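Structure file target.csv (CSV, C-alpha atoms) follows.
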```csv
chain,number,residue,atom,x,y,z
A,1,MET,CA,7.3,-4.4,10.0
A,2,ALA,CA,5.6,-1.9,7.7
A,3,ARG,CA,2.1,-3.0,8.6
A,4,ILE,CA,2.8,-2.9,12.3
A,5,LEU,CA,4.3,0.5,12.2
A,6,ALA,CA,1.4,1.8,10.1
A,7,ASP,CA,-1.0,0.3,12.6
A,8,ARG,CA,0.8,2.3,15.3
A,9,GLY,CA,0.0,5.5,13.5
A,10,TYR,CA,3.3,6.1,11.7
A,11,LYS,CA,3.6,7.2,8.1
A,12,VAL,CA,5.3,4.3,6.3
A,13,LEU,CA,6.7,3.9,2.8
A,14,ALA,CA,7.7,0.4,1.8
A,15,ILE,CA,10.1,0.1,-1.2
A,16,ASP,CA,10.5,-3.1,-3.1
A,17,ALA,CA,14.1,-2.8,-4.4
A,18,ASP,CA,14.5,-6.5,-5.0
A,19,PRO,CA,14.6,-7.4,-8.8
A,20,ASP,CA,12.5,-10.4,-7.8
A,21,SER,CA,9.6,-8.2,-6.7
A,22,ASN,CA,7.2,-9.7,-4.2
A,23,LEU,CA,6.9,-7.2,-1.4
A,24,ALA,CA,3.4,-6.3,-2.5
A,25,SER,CA,2.1,-9.8,-1.6
A,26,ALA,CA,4.0,-9.8,1.7
A,27,VAL,CA,2.4,-6.4,2.6
A,28,GLY,CA,-1.0,-7.6,1.5
A,29,ILE,CA,-1.6,-5.4,-1.6
A,30,ASP,CA,-4.4,-6.7,-3.7
A,31,PRO,CA,-3.2,-7.9,-7.1
A,32,ALA,CA,-5.9,-5.8,-8.8
A,33,LYS,CA,-4.7,-2.7,-7.0
A,34,LEU,CA,-1.1,-3.4,-7.7
A,35,SER,CA,-1.9,-3.6,-11.4
A,36,GLN,CA,-2.6,0.2,-11.2
A,37,ILE,CA,1.1,1.0,-11.0
A,38,LYS,CA,4.0,0.2,-13.2
A,39,PRO,CA,7.4,-0.8,-11.6
A,40,LEU,CA,9.9,2.0,-12.1
A,41,ALA,CA,12.4,-0.3,-13.8
A,42,GLN,CA,9.9,-0.7,-16.7
A,43,MET,CA,9.5,3.0,-17.2
A,44,LYS,CA,12.3,3.3,-19.8
A,45,GLU,CA,11.4,6.9,-20.9
A,46,PHE,CA,11.0,8.0,-17.3
A,47,ILE,CA,14.4,6.7,-16.2
A,48,GLU,CA,16.1,8.2,-19.2
A,49,GLU,CA,14.4,11.5,-18.6
A,50,ARG,CA,15.3,11.7,-14.9
A,51,THR,CA,18.9,10.2,-15.1
A,52,GLY,CA,20.0,11.0,-18.6
A,53,SER,CA,20.9,7.3,-19.0
A,54,LYS,CA,20.0,4.8,-21.7
A,55,ARG,CA,19.9,1.1,-21.1
A,56,GLY,CA,22.8,-0.8,-22.8
A,57,ALA,CA,24.7,2.4,-23.6
A,58,TYR,CA,28.2,1.9,-22.3
A,59,GLY,CA,30.4,4.9,-21.2
A,60,SER,CA,27.4,7.2,-20.8
A,61,PHE,CA,27.0,9.8,-18.1
A,62,PHE,CA,24.3,9.9,-15.4
A,63,LYS,CA,22.6,12.7,-13.7
A,64,MET,CA,23.7,11.9,-10.1
A,65,ASN,CA,20.9,14.1,-8.5
A,66,PRO,CA,17.8,13.3,-10.6
A,67,LYS,CA,14.4,14.8,-9.5
A,68,VAL,CA,12.7,12.2,-7.2
A,69,ASP,CA,10.5,14.2,-4.8
A,70,ASP,CA,7.3,13.4,-6.8
A,71,ILE,CA,7.9,9.7,-7.1
A,72,PRO,CA,6.3,8.3,-3.9
A,73,GLU,CA,2.9,10.0,-4.4
A,74,LYS,CA,2.8,9.5,-8.2
A,75,PHE,CA,3.8,5.8,-8.4
A,76,SER,CA,2.8,4.2,-5.1
A,77,VAL,CA,-0.3,2.1,-4.0
A,78,ALA,CA,-1.5,1.9,-0.4
A,79,ARG,CA,-2.8,-0.7,2.1
A,80,ASP,CA,-3.8,0.2,5.6
A,81,GLY,CA,-1.5,3.1,6.0
A,82,VAL,CA,1.5,1.6,4.1
A,83,LYS,CA,2.5,3.2,0.7
A,84,LEU,CA,4.2,0.7,-1.5
A,85,LEU,CA,6.6,1.7,-4.3
A,86,VAL,CA,8.0,-1.0,-6.6
A,87,LEU,CA,11.4,-0.5,-8.3
A,88,GLY,CA,10.9,-3.7,-10.3
A,89,THR,CA,13.4,-5.7,-12.4
A,90,ILE,CA,15.1,-5.7,-15.8
A,91,PRO,CA,12.4,-7.1,-18.1
A,92,GLN,CA,14.6,-9.5,-20.1
A,93,GLY,CA,17.8,-11.4,-20.0
A,94,GLY,CA,20.8,-9.4,-21.3
A,95,GLY,CA,19.0,-6.2,-20.8
A,96,GLY,CA,22.0,-4.5,-19.3
A,97,CYS,CA,23.0,-3.5,-15.8
A,98,PHE,CA,20.7,-1.8,-13.2
A,99,CYS,CA,22.8,1.4,-13.3
A,100,GLY,CA,20.1,4.0,-14.2
A,101,GLU,CA,17.6,2.4,-11.8
A,102,ASN,CA,20.2,2.3,-9.0
A,103,VAL,CA,21.1,6.0,-9.5
A,104,LEU,CA,17.4,6.8,-9.3
A,105,LEU,CA,16.9,4.6,-6.2
A,106,LYS,CA,19.9,6.1,-4.4
A,107,SER,CA,18.7,9.6,-5.0
A,108,LEU,CA,15.2,8.6,-3.9
A,109,LEU,CA,16.4,7.1,-0.6
A,110,SER,CA,18.6,10.1,0.1
A,111,HIS,CA,15.6,12.4,-0.4
A,112,LEU,CA,13.2,10.2,1.7
A,113,PHE,CA,15.6,10.0,4.6
A,114,VAL,CA,16.6,13.7,4.6
A,115,GLU,CA,13.5,15.5,3.5
A,116,ARG,CA,10.5,13.5,4.6
A,117,ASP,CA,9.2,12.4,8.0
A,118,GLU,CA,8.3,8.8,7.8
A,119,TYR,CA,9.5,5.3,8.2
A,120,VAL,CA,11.1,3.8,5.1
A,121,VAL,CA,11.3,0.0,4.9
A,122,VAL,CA,13.3,-1.2,1.9
A,123,ASP,CA,13.3,-4.8,0.8
A,124,MET,CA,16.7,-5.3,-0.9
A,125,GLU,CA,17.7,-8.3,-3.0
A,126,ALA,CA,19.2,-11.2,-1.3
A,127,GLY,CA,23.0,-11.2,-1.4
A,128,LEU,CA,25.5,-8.4,-1.9
A,129,GLU,CA,24.9,-6.7,-5.2
A,130,HIS,CA,23.0,-3.7,-3.7
A,131,LEU,CA,25.8,-3.1,-1.2
A,132,GLY,CA,28.4,-3.1,-4.0
A,133,ARG,CA,26.5,-0.4,-5.7
A,134,GLY,CA,26.1,1.6,-2.5
A,135,THR,CA,22.3,1.7,-2.6
A,136,THR,CA,22.2,1.2,1.2
A,137,ALA,CA,24.6,4.0,2.1
A,138,TYR,CA,21.9,6.4,3.4
A,139,MET,CA,20.2,3.9,5.7
A,140,ASP,CA,19.9,4.3,9.5
A,141,ALA,CA,20.0,0.5,10.0
A,142,LEU,CA,20.5,-2.6,7.9
A,143,ILE,CA,18.7,-5.8,9.0
A,144,VAL,CA,20.3,-9.0,7.8
A,145,VAL,CA,17.9,-12.0,7.8
A,146,VAL,CA,19.8,-15.1,8.6
A,147,GLU,CA,18.8,-18.8,8.5
A,148,PRO,CA,20.5,-21.3,10.8
A,149,GLY,CA,23.1,-22.5,8.2
A,150,GLN,CA,26.7,-21.9,7.4
A,151,ARG,CA,26.2,-20.3,3.9
A,152,SER,CA,23.6,-17.8,5.3
A,153,MET,CA,25.8,-16.8,8.1
A,154,GLN,CA,28.9,-16.4,5.9
A,155,THR,CA,26.8,-14.1,3.7
A,156,ALA,CA,25.9,-12.1,6.8
A,157,ARG,CA,29.5,-11.6,7.7
A,158,GLN,CA,30.3,-10.4,4.1
A,159,VAL,CA,27.3,-8.0,4.3
A,160,LYS,CA,28.7,-6.6,7.6
A,161,SER,CA,32.1,-6.0,6.0
A,162,LEU,CA,30.6,-4.2,3.0
A,163,ALA,CA,28.3,-2.2,5.2
A,164,ASP,CA,31.3,-1.0,7.2
A,165,ASP,CA,32.9,0.2,4.0
A,166,LEU,CA,29.8,2.2,3.1
A,167,GLY,CA,29.5,3.7,6.6
A,168,VAL,CA,26.4,1.9,7.6
A,169,LYS,CA,27.1,1.8,11.3
A,170,ARG,CA,24.1,-0.2,12.5
A,171,VAL,CA,23.9,-3.8,11.2
A,172,TYR,CA,21.5,-6.1,13.0
A,173,ILE,CA,20.7,-9.8,12.7
A,174,VAL,CA,17.2,-11.4,12.6
A,175,GLY,CA,16.8,-15.2,12.6
A,176,ASN,CA,14.5,-16.8,10.1
A,177,LYS,CA,13.0,-20.3,9.9
A,178,ILE,CA,13.9,-21.0,13.5
A,179,ALA,CA,12.8,-24.5,14.5
A,180,ALA,CA,14.1,-24.6,18.1
A,181,GLU,CA,16.4,-22.7,20.5
A,182,PRO,CA,19.6,-24.4,19.3
A,183,ASP,CA,19.1,-22.6,16.0
A,184,VAL,CA,19.1,-19.2,17.8
A,185,ALA,CA,22.2,-20.2,19.8
A,186,MET,CA,24.0,-21.3,16.6
A,187,ILE,CA,23.4,-17.9,14.9
A,188,LYS,CA,24.4,-15.9,18.0
A,189,GLU,CA,27.6,-18.0,18.4
A,190,HIS,CA,28.7,-17.7,14.8
A,191,LEU,CA,27.8,-14.0,14.4
A,192,ALA,CA,29.0,-12.9,17.8
A,193,GLY,CA,29.4,-9.1,17.9
A,194,LEU,CA,26.4,-8.4,15.7
A,195,PRO,CA,23.3,-7.4,17.7
A,196,PHE,CA,20.5,-10.1,17.5
A,197,LEU,CA,17.1,-8.5,17.4
A,198,GLY,CA,14.9,-11.7,17.5
A,199,TYR,CA,13.6,-14.3,15.1
A,200,ILE,CA,10.7,-15.6,13.0
A,201,SER,CA,9.8,-19.2,13.7
A,202,GLN,CA,9.5,-22.0,11.1
A,203,ASN,CA,5.8,-21.4,10.7
A,204,GLU,CA,3.2,-23.3,8.5
A,205,LYS,CA,1.0,-20.2,8.5
A,206,ILE,CA,3.7,-18.3,6.6
A,207,LEU,CA,3.9,-21.1,4.0
A,208,GLU,CA,0.1,-21.0,3.8
A,209,ALA,CA,0.1,-17.2,3.3
A,210,ASP,CA,2.6,-17.6,0.5
A,211,LYS,CA,0.4,-20.3,-1.2
A,212,ARG,CA,-2.6,-18.1,-0.9
A,213,GLY,CA,-0.8,-14.9,-2.0
A,214,VAL,CA,-1.7,-13.0,1.2
A,215,SER,CA,0.3,-11.3,3.9
A,216,PRO,CA,1.3,-13.4,6.9
A,217,TYR,CA,0.4,-10.4,8.9
A,218,ASP,CA,-3.3,-11.1,8.1
A,219,LEU,CA,-3.1,-14.8,8.8
A,220,ASP,CA,-1.2,-15.4,12.0
A,221,GLU,CA,-0.9,-13.6,15.4
A,222,LYS,CA,2.3,-15.4,16.2
A,223,VAL,CA,4.3,-13.9,13.4
A,224,ARG,CA,2.8,-10.4,14.2
A,225,LEU,CA,4.1,-10.8,17.8
A,226,GLU,CA,7.5,-12.0,16.7
A,227,VAL,CA,8.0,-9.1,14.3
A,228,ALA,CA,6.6,-6.6,16.9
A,229,ASN,CA,9.3,-7.9,19.3
A,230,ILE,CA,11.9,-7.3,16.6
A,231,ILE,CA,10.8,-3.8,16.1
A,232,GLU,CA,10.9,-3.1,19.9
A,233,ALA,CA,14.5,-4.6,20.1
A,234,LEU,CA,15.5,-2.4,17.1
A,235,SER,CA,14.1,0.7,18.7
A,236,GLN,CA,16.0,-0.1,21.9
A,237,GLN,CA,19.3,-0.8,20.1
A,238,MET,CA,19.1,2.3,18.0
A,239,ALA,CA,18.3,4.5,21.0
A,240,ALA,CA,21.3,3.0,22.9
A,241,THR,CA,23.7,3.6,20.1
A,242,SER,CA,22.6,7.2,19.6
A,243,GLU,CA,23.3,8.2,23.2
```
Mind turning this structure into C-alpha cells?
Amino acid sequence: MARILADRGYKVLAIDADPDSNLASAVGIDPAKLSQIKPLAQMKEFIEERTGSKRGAYGSFFKMNPKVDDIPEKFSVARDGVKLLVLGTIPQGGGGCFCGENVLLKSLLSHLFVERDEYVVVDMEAGLEHLGRGTTAYMDALIVVVEPGQRSMQTARQVKSLADDLGVKRVYIVGNKIAAEPDVAMIKEHLAGLPFLGYISQNEKILEADKRGVSPYDLDEKVRLEVANIIEALSQQMAATSE
C-alpha cells in the first residue's frame, strides 16, 4: 500500500510498529540502507530523555506528551517516495514492558495524523496487544488481515470489539492467502457486518519475494493489482462513511 500510494505522488510514512520488525523488507528497503538507522526501541537514552521513563522501573511516571516532531526526518530511511520508520523490539527476554516505547509511538502517531499532511501506514503486531495499549486510537481506519480459518476470524472479531472501545470507527477486513472464491465467501459469511475491501491471493511470487528478501511489489504485477484494488475500495468506503 505504501509503495502504491508513493507511486501516485503522495507523501507516505511507513511505520514498523511490530516488535517482529520486517516491514523494511516488505517495502523493499535495501539491508545496507536500513543499517543506517537504529530502531527507536533500542535507543535507551533517547526514550528515557523523551518520556522520562526507565526500562524495568516499576511505578515510574511518563511524560505523556514527549517531543516527537523531529523523529520522522531524523530516524527514517526512504525508498521510492516511502519514508520508513522502525520502532523495533525489546532487545532481550525479560527486558520489561514496551511502555515507554508505546508512549512515544502514541504521541508520534497523534502528531503525524494531526500536524502533518501525508499518508501514514502502520504495521502493527499480529494480535491484540497494541489495541489493549491504545496505540491505534488516533487512526482513521484499521485494516484487519484475515486468513480463511476460524482462529483468524475469531481474532478479527476481538479486534473489532476492542477497536470499538477505543473509538476507532472504521474497521475493515482484507483476506489473505486466498486460494479460491469459497475462501472469500467464508470470510464474508463469518465476519458479516465488517466491510470487506478485497484480498491477496495465495501466491508463489510472494513466497519467492520472502525467500529473496525483496518486496512482492517489485516481483509480481498481480499482487500490485490486488493491493491497488484494496486501496480503491478503502477510499470509497471512507468517502461513504464521511458523508
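Candidate residues A:His111, A:Val77, A:Lys106, A:Arg224 were compared for distance to Ser35 in chain A, and the nearest is A:Val77, using all atoms listed in the file.
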* To do: Up to 10 Å from (15.4, -2.2, 3.2) in the file's coordinates: name the residues, counting all atoms listed in the file, as a list in words.
  =>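 Output: Ala14, Ile15, Asp16, Ala17, Asp18, Val120, Val121, Val122, Asp123, Met124, Glu125, Thr135, Thr136, Met139, Ala141, Leu142, Ile143 and Val144 of chain A.
Between CA of Leu84 in chain A and CA of Val27 in chain A there is a distance of 8.4 Å.
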